[in-house]
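Participant: Structure provided below as C-alpha cells; questions to follow.
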Amino acid sequence: MTRAGAGVDLMASNRRGVADKPGGAAGGRAARVLVVEDEGDVAEMIRYNLSKEGYDVRLAANGTDALRQVKEARPDVILLDIMVPQLNGWEICRRLKQDRETRAIPVIMVTGRVEEGDKVLGFELGADDYVTKPFSPRELVARVRAVSRRGRPGEDAAGQPLRAGDLEIDRQRFEVKMKGRLVELTRKEFDLLATLVRSPGRVFGREELLDLVWGQDGFVEPRTVDVHVARLRAKFTASRCPEPGIETVRGVGYRFRERS
C-alpha cells in the first residue's frame, strides 16, 4: 500500500547500463509477471511499462488472490507489495519460499517500506530483490529482467550434480543434500552455493558474486550477499546438517573449502 510521498518516480534511472529487451520465457511465450499491489494506479503503471517490454502481466489486489493466481498460472516473476489486504507480503513470500513447487519463482518486493530492517527481513524470507517506492519504471523493468534471466551460474556439463564431500547439488532436481539429507533452499541461495562450490578455494568478492548470481544488470547491494550466506548456513543447521565449507575472507568476500 502506498502512502503520501511514496508514489512512483517516472524519471528513469539505470545503474548498470541495461539494454531494453522484450520479456521472454521458455517455449517462446511471453514471460508472465504477477503484480501484487492494492493501489490501482501503481498496479496499472507497472502493467503498462512491463507490457511495453513484452511481458504478460497479471494483477492481484490482495494476498489470497495472489496465492490463487500463483497456483493456477505459475508466473515467472512476482512483484510483491508488503501492505496488501488479507495476507501481507511477508506472509505471501514466506509461503511461496517454503513450498517446493513455488520456491524457485523469483520474488521482487516493491514497497514504500524503506527501513534497513524491512529489507533484511525481505531477504531472510527469500525475496530475490527489494525495490523501494518511489522507483523508476525503467529500473523496475531492468530488475524484472535480471531475476528472470534463464542463465544460471555454473551450469555443469550433461547436467551432472556437483559433489564436494558429503555435499551434493543437483541442478536438474533443484535439490541440495548433505550426507543424504535434503536442505531446502531458495533459488538465489541455491545459485550462490553452486557458484562457490564449483570453484573450491577461489575467493569471490561480493560485487563479483552479485554479478554472477544476481546478474550484471541487478540493483541489489553487496550486503545482500552477506544476508544470503548467513541464511545458507542457518538452513543447513536447521536441517541438522553440517554447514557447507563457506569461509568468510575478511574485507574481500567468500570462498568454499571442503571440510576435511
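Simple scheme: letters A, B, ... for chains in C-alpha cells order, numbers from 1 for residues in each chain, numbers from 1 for ligands in the order shown.
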Applying 12 Å and only C-alpha atoms, which residues near Arg32 of chain A remain after dropping the ones on its own chain fewer than 3 positions away? List them as an NGL selection string.
Facilitator: :A and (22-26 or 28-29 or 35 or 47 or 50-51 or 53-59 or 69-70 or 73-79 or 105-106 or 144-145 or 148)
Participant: Residues within 10 Å of segment 231-240 of chain A, please, as a PyMOL selection string. Count only C-alpha atoms; anything in the same chain fewer than 6 positions from it doesn't count.
Facilitator: chain A and resi 123-126+176-178+181-186+188-190+192-193+225+246
Participant: Export N, CA, C and O atoms of the chosen residues as a PDB file, in the first residue's frame?
Facilitator:
```pdb
ATOM      1  N   PHE A 123      14.791 -10.264   2.530  1.00  0.00           N
ATOM      2  CA  PHE A 123      15.776 -11.222   2.033  1.00  0.00           C
ATOM      3  C   PHE A 123      15.783 -12.491   2.888  1.00  0.00           C
ATOM      4  O   PHE A 123      15.974 -13.602   2.380  1.00  0.00           O
ATOM      5  N   GLU A 124      15.588 -12.351   4.192  1.00  0.00           N
ATOM      6  CA  GLU A 124      15.560 -13.526   5.064  1.00  0.00           C
ATOM      7  C   GLU A 124      14.377 -14.436   4.739  1.00  0.00           C
ATOM      8  O   GLU A 124      14.456 -15.652   4.901  1.00  0.00           O
ATOM      9  N   LEU A 125      13.285 -13.844   4.283  1.00  0.00           N
ATOM     10  CA  LEU A 125      12.114 -14.636   3.899  1.00  0.00           C
ATOM     11  C   LEU A 125      12.261 -15.246   2.510  1.00  0.00           C
ATOM     12  O   LEU A 125      11.431 -16.039   2.101  1.00  0.00           O
ATOM     13  N   GLY A 126      13.316 -14.861   1.788  1.00  0.00           N
ATOM     14  CA  GLY A 126      13.580 -15.474   0.491  1.00  0.00           C
ATOM     15  C   GLY A 126      13.384 -14.590  -0.704  1.00  0.00           C
ATOM     16  O   GLY A 126      13.494 -15.051  -1.842  1.00  0.00           O
ATOM     17  N   VAL A 176      19.498 -29.799  -2.905  1.00  0.00           N
ATOM     18  CA  VAL A 176      20.788 -29.813  -2.228  1.00  0.00           C
ATOM     19  C   VAL A 176      20.693 -30.824  -1.079  1.00  0.00           C
ATOM     20  O   VAL A 176      19.742 -30.780  -0.296  1.00  0.00           O
ATOM     21  N   LYS A 177      21.681 -31.709  -1.003  1.00  0.00           N
ATOM     22  CA  LYS A 177      21.712 -32.702   0.071  1.00  0.00           C
ATOM     23  C   LYS A 177      23.068 -32.676   0.761  1.00  0.00           C
ATOM     24  O   LYS A 177      24.103 -32.478   0.125  1.00  0.00           O
ATOM     25  N   MET A 178      23.031 -32.862   2.056  1.00  0.00           N
ATOM     26  CA  MET A 178      24.241 -33.015   2.852  1.00  0.00           C
ATOM     27  C   MET A 178      24.134 -34.332   3.612  1.00  0.00           C
ATOM     28  O   MET A 178      23.193 -34.532   4.381  1.00  0.00           O
ATOM     29  N   ARG A 181      20.794 -35.931   3.414  1.00  0.00           N
ATOM     30  CA  ARG A 181      19.644 -35.213   3.975  1.00  0.00           C
ATOM     31  C   ARG A 181      19.357 -33.971   3.140  1.00  0.00           C
ATOM     32  O   ARG A 181      20.252 -33.173   2.856  1.00  0.00           O
ATOM     33  N   LEU A 182      18.091 -33.792   2.758  1.00  0.00           N
ATOM     34  CA  LEU A 182      17.690 -32.675   1.913  1.00  0.00           C
ATOM     35  C   LEU A 182      17.718 -31.364   2.693  1.00  0.00           C
ATOM     36  O   LEU A 182      17.253 -31.297   3.836  1.00  0.00           O
ATOM     37  N   VAL A 183      18.277 -30.320   2.068  1.00  0.00           N
ATOM     38  CA  VAL A 183      18.295 -28.983   2.651  1.00  0.00           C
ATOM     39  C   VAL A 183      17.500 -28.066   1.726  1.00  0.00           C
ATOM     40  O   VAL A 183      17.826 -27.926   0.543  1.00  0.00           O
ATOM     41  N   GLU A 184      16.443 -27.459   2.238  1.00  0.00           N
ATOM     42  CA  GLU A 184      15.562 -26.614   1.434  1.00  0.00           C
ATOM     43  C   GLU A 184      16.181 -25.222   1.258  1.00  0.00           C
ATOM     44  O   GLU A 184      16.445 -24.521   2.239  1.00  0.00           O
ATOM     45  N   LEU A 185      16.406 -24.820  -0.001  1.00  0.00           N
ATOM     46  CA  LEU A 185      16.987 -23.513  -0.296  1.00  0.00           C
ATOM     47  C   LEU A 185      16.130 -22.766  -1.310  1.00  0.00           C
ATOM     48  O   LEU A 185      15.445 -23.378  -2.124  1.00  0.00           O
ATOM     49  N   THR A 186      16.196 -21.444  -1.262  1.00  0.00           N
ATOM     50  CA  THR A 186      15.586 -20.644  -2.312  1.00  0.00           C
ATOM     51  C   THR A 186      16.489 -20.671  -3.542  1.00  0.00           C
ATOM     52  O   THR A 186      17.631 -21.138  -3.493  1.00  0.00           O
ATOM     53  N   LYS A 188      18.073 -18.239  -5.173  1.00  0.00           N
ATOM     54  CA  LYS A 188      19.290 -17.448  -5.040  1.00  0.00           C
ATOM     55  C   LYS A 188      20.284 -18.130  -4.098  1.00  0.00           C
ATOM     56  O   LYS A 188      21.493 -18.115  -4.340  1.00  0.00           O
ATOM     57  N   GLU A 189      19.794 -18.689  -3.013  1.00  0.00           N
ATOM     58  CA  GLU A 189      20.679 -19.432  -2.118  1.00  0.00           C
ATOM     59  C   GLU A 189      21.311 -20.613  -2.850  1.00  0.00           C
ATOM     60  O   GLU A 189      22.508 -20.886  -2.705  1.00  0.00           O
ATOM     61  N   PHE A 190      20.493 -21.291  -3.638  1.00  0.00           N
ATOM     62  CA  PHE A 190      20.959 -22.434  -4.422  1.00  0.00           C
ATOM     63  C   PHE A 190      22.063 -22.004  -5.396  1.00  0.00           C
ATOM     64  O   PHE A 190      23.137 -22.613  -5.477  1.00  0.00           O
ATOM     65  N   LEU A 192      23.914 -19.295  -5.346  1.00  0.00           N
ATOM     66  CA  LEU A 192      25.087 -18.801  -4.628  1.00  0.00           C
ATOM     67  C   LEU A 192      25.964 -19.950  -4.166  1.00  0.00           C
ATOM     68  O   LEU A 192      27.197 -19.936  -4.350  1.00  0.00           O
ATOM     69  N   LEU A 193      25.347 -20.957  -3.583  1.00  0.00           N
ATOM     70  CA  LEU A 193      26.104 -22.127  -3.122  1.00  0.00           C
ATOM     71  C   LEU A 193      26.796 -22.823  -4.282  1.00  0.00           C
ATOM     72  O   LEU A 193      27.982 -23.177  -4.213  1.00  0.00           O
ATOM     73  N   VAL A 225      24.636 -10.217  -0.332  1.00  0.00           N
ATOM     74  CA  VAL A 225      25.432 -11.443  -0.338  1.00  0.00           C
ATOM     75  C   VAL A 225      25.617 -11.954   1.090  1.00  0.00           C
ATOM     76  O   VAL A 225      25.457 -13.149   1.364  1.00  0.00           O
ATOM     77  N   ILE A 246      31.701 -22.778   3.590  1.00  0.00           N
ATOM     78  CA  ILE A 246      31.785 -21.410   3.076  1.00  0.00           C
ATOM     79  C   ILE A 246      32.528 -20.570   4.101  1.00  0.00           C
ATOM     80  O   ILE A 246      32.072 -20.405   5.235  1.00  0.00           O
TER      81      ILE A 246
END
```
Participant: Closest to Glu175 of chain A among A:Glu221, A:Val252, A:Glu247, A:Ala104, using only C-alpha atoms?
Facilitator: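 Closest to Glu175 of chain A of all the choices is A:Ala104.
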Participant: Could you pull out all residues of segment 11-185 of chain A with a DSSP call of strand (DSSP E) and give them as a VMD selection string?
Facilitator: chain A and resid 32 to 36 56 to 60 77 to 80 107 to 111 129 to 132 162 to 164 167 to 170 175 to 178 181 to 183
Participant: Write the residues of the preceding selection, restricted to N, CA and C atoms, as a compact mmCIF listing (two decimals), in the first residue's frame.
Facilitator:
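The result, stored in part.txt:
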```txt
# COMPACT_ATOMS: atom_id res chain seq x y z
N ARG A 32 5.64 -14.33 -17.82
CA ARG A 32 4.43 -13.94 -17.07
C ARG A 32 4.86 -13.29 -15.75
N VAL A 33 4.36 -12.10 -15.49
CA VAL A 33 4.67 -11.38 -14.26
C VAL A 33 3.38 -11.16 -13.48
N LEU A 34 3.37 -11.56 -12.22
CA LEU A 34 2.23 -11.30 -11.34
C LEU A 34 2.56 -10.10 -10.46
N VAL A 35 1.73 -9.06 -10.55
CA VAL A 35 1.91 -7.85 -9.75
C VAL A 35 0.90 -7.87 -8.61
N VAL A 36 1.39 -7.95 -7.39
CA VAL A 36 0.53 -7.98 -6.21
C VAL A 36 0.57 -6.58 -5.59
N ASP A 56 3.78 -10.62 -20.13
CA ASP A 56 2.37 -10.93 -19.89
C ASP A 56 2.10 -10.63 -18.43
N VAL A 57 1.38 -9.55 -18.14
CA VAL A 57 1.24 -9.06 -16.77
C VAL A 57 -0.14 -9.39 -16.21
N ARG A 58 -0.16 -9.98 -15.03
CA ARG A 58 -1.40 -10.26 -14.31
C ARG A 58 -1.39 -9.45 -13.02
N LEU A 59 -2.57 -9.06 -12.53
CA LEU A 59 -2.68 -8.25 -11.32
C LEU A 59 -3.45 -8.99 -10.23
N ALA A 60 -3.03 -8.77 -8.99
CA ALA A 60 -3.74 -9.28 -7.82
C ALA A 60 -3.75 -8.17 -6.78
N VAL A 77 7.81 -14.35 -12.64
CA VAL A 77 8.31 -13.38 -11.67
C VAL A 77 7.11 -12.83 -10.91
N ILE A 78 7.30 -12.53 -9.62
CA ILE A 78 6.25 -11.93 -8.81
C ILE A 78 6.75 -10.60 -8.26
N LEU A 79 5.99 -9.52 -8.49
CA LEU A 79 6.25 -8.23 -7.88
C LEU A 79 5.29 -8.08 -6.71
N LEU A 80 5.82 -7.93 -5.52
CA LEU A 80 5.01 -8.10 -4.31
C LEU A 80 5.08 -6.89 -3.39
N VAL A 107 10.90 -13.52 -6.51
CA VAL A 107 10.01 -12.55 -5.87
C VAL A 107 10.76 -11.24 -5.68
N ILE A 108 10.19 -10.16 -6.23
CA ILE A 108 10.74 -8.83 -6.02
C ILE A 108 9.75 -8.06 -5.16
N MET A 109 10.16 -7.65 -3.97
CA MET A 109 9.30 -6.85 -3.13
C MET A 109 9.35 -5.40 -3.61
N VAL A 110 8.17 -4.81 -3.83
CA VAL A 110 8.05 -3.43 -4.30
C VAL A 110 7.21 -2.69 -3.27
N THR A 111 7.84 -1.85 -2.45
CA THR A 111 7.16 -1.34 -1.28
C THR A 111 7.66 0.04 -0.88
N ASP A 129 14.84 -9.75 -4.63
CA ASP A 129 15.23 -8.35 -4.77
C ASP A 129 14.23 -7.52 -3.98
N TYR A 130 14.58 -6.26 -3.74
CA TYR A 130 13.75 -5.37 -2.92
C TYR A 130 13.82 -3.97 -3.53
N VAL A 131 12.69 -3.47 -3.99
CA VAL A 131 12.60 -2.16 -4.63
C VAL A 131 11.76 -1.24 -3.75
N THR A 132 12.27 -0.06 -3.45
CA THR A 132 11.52 0.87 -2.62
C THR A 132 10.88 1.96 -3.47
N LEU A 162 26.75 -31.44 -8.82
CA LEU A 162 28.00 -31.04 -8.21
C LEU A 162 28.17 -31.80 -6.90
N ARG A 163 29.37 -32.29 -6.64
CA ARG A 163 29.63 -33.01 -5.39
C ARG A 163 30.90 -32.50 -4.76
N ALA A 164 30.85 -32.30 -3.45
CA ALA A 164 32.03 -31.91 -2.68
C ALA A 164 31.93 -32.60 -1.33
N LEU A 167 28.47 -33.13 0.36
CA LEU A 167 27.53 -32.17 -0.22
C LEU A 167 27.24 -32.52 -1.67
N GLU A 168 25.95 -32.52 -2.03
CA GLU A 168 25.54 -32.78 -3.41
C GLU A 168 24.55 -31.71 -3.85
N ILE A 169 24.82 -31.13 -5.03
CA ILE A 169 23.96 -30.10 -5.59
C ILE A 169 23.45 -30.59 -6.94
N ASP A 170 22.16 -30.86 -7.02
CA ASP A 170 21.54 -31.40 -8.24
C ASP A 170 20.72 -30.31 -8.91
N GLU A 175 17.83 -29.57 -6.06
CA GLU A 175 17.95 -30.14 -4.72
C GLU A 175 19.38 -30.03 -4.21
N VAL A 176 19.50 -29.80 -2.91
CA VAL A 176 20.79 -29.81 -2.23
C VAL A 176 20.69 -30.82 -1.08
N LYS A 177 21.68 -31.71 -1.00
CA LYS A 177 21.71 -32.70 0.07
C LYS A 177 23.07 -32.68 0.76
N MET A 178 23.03 -32.86 2.06
CA MET A 178 24.24 -33.02 2.85
C MET A 178 24.13 -34.33 3.61
N ARG A 181 20.79 -35.93 3.41
CA ARG A 181 19.64 -35.21 3.98
C ARG A 181 19.36 -33.97 3.14
N LEU A 182 18.09 -33.79 2.76
CA LEU A 182 17.69 -32.67 1.91
C LEU A 182 17.72 -31.36 2.69
N VAL A 183 18.28 -30.32 2.07
CA VAL A 183 18.29 -28.98 2.65
C VAL A 183 17.50 -28.07 1.73
```
Participant: Excluding same-chain residues fewer than 5 positions from Pro85 of chain A, what lies within 9 Å of it counting only C-alpha atoms, as a list in words?
Facilitator: Met1, Asp38, Ala61, Asn62, Gly63 and Thr64 of chain A
Participant: Could you name the residues that touch Lys71 of chain A at 10 Å or less, counting only C-alpha atoms, but leaving out those on the same chain fewer than 3 positions away, as JSON, numbers by chain?
Facilitator: {"A": [65, 66, 67, 68, 74, 75, 96, 101, 102]}
Participant: When you draw a straight line from atom CA of Cys93 of chain A to atom CA of Pro137 of chain A, how long is it in Å?
Facilitator: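 Straight-line distance from atom CA of Cys93 of chain A to atom CA of Pro137 of chain A works out to 22.5 Å.
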Participant: Rounded to one decimal place, report the atom CA of Gly40 of chain A-atom CA of Val141 of chain A distance in Å.
Facilitator: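 One can read the atom CA of Gly40 of chain A to atom CA of Val141 of chain A distance as 18.5 Å.
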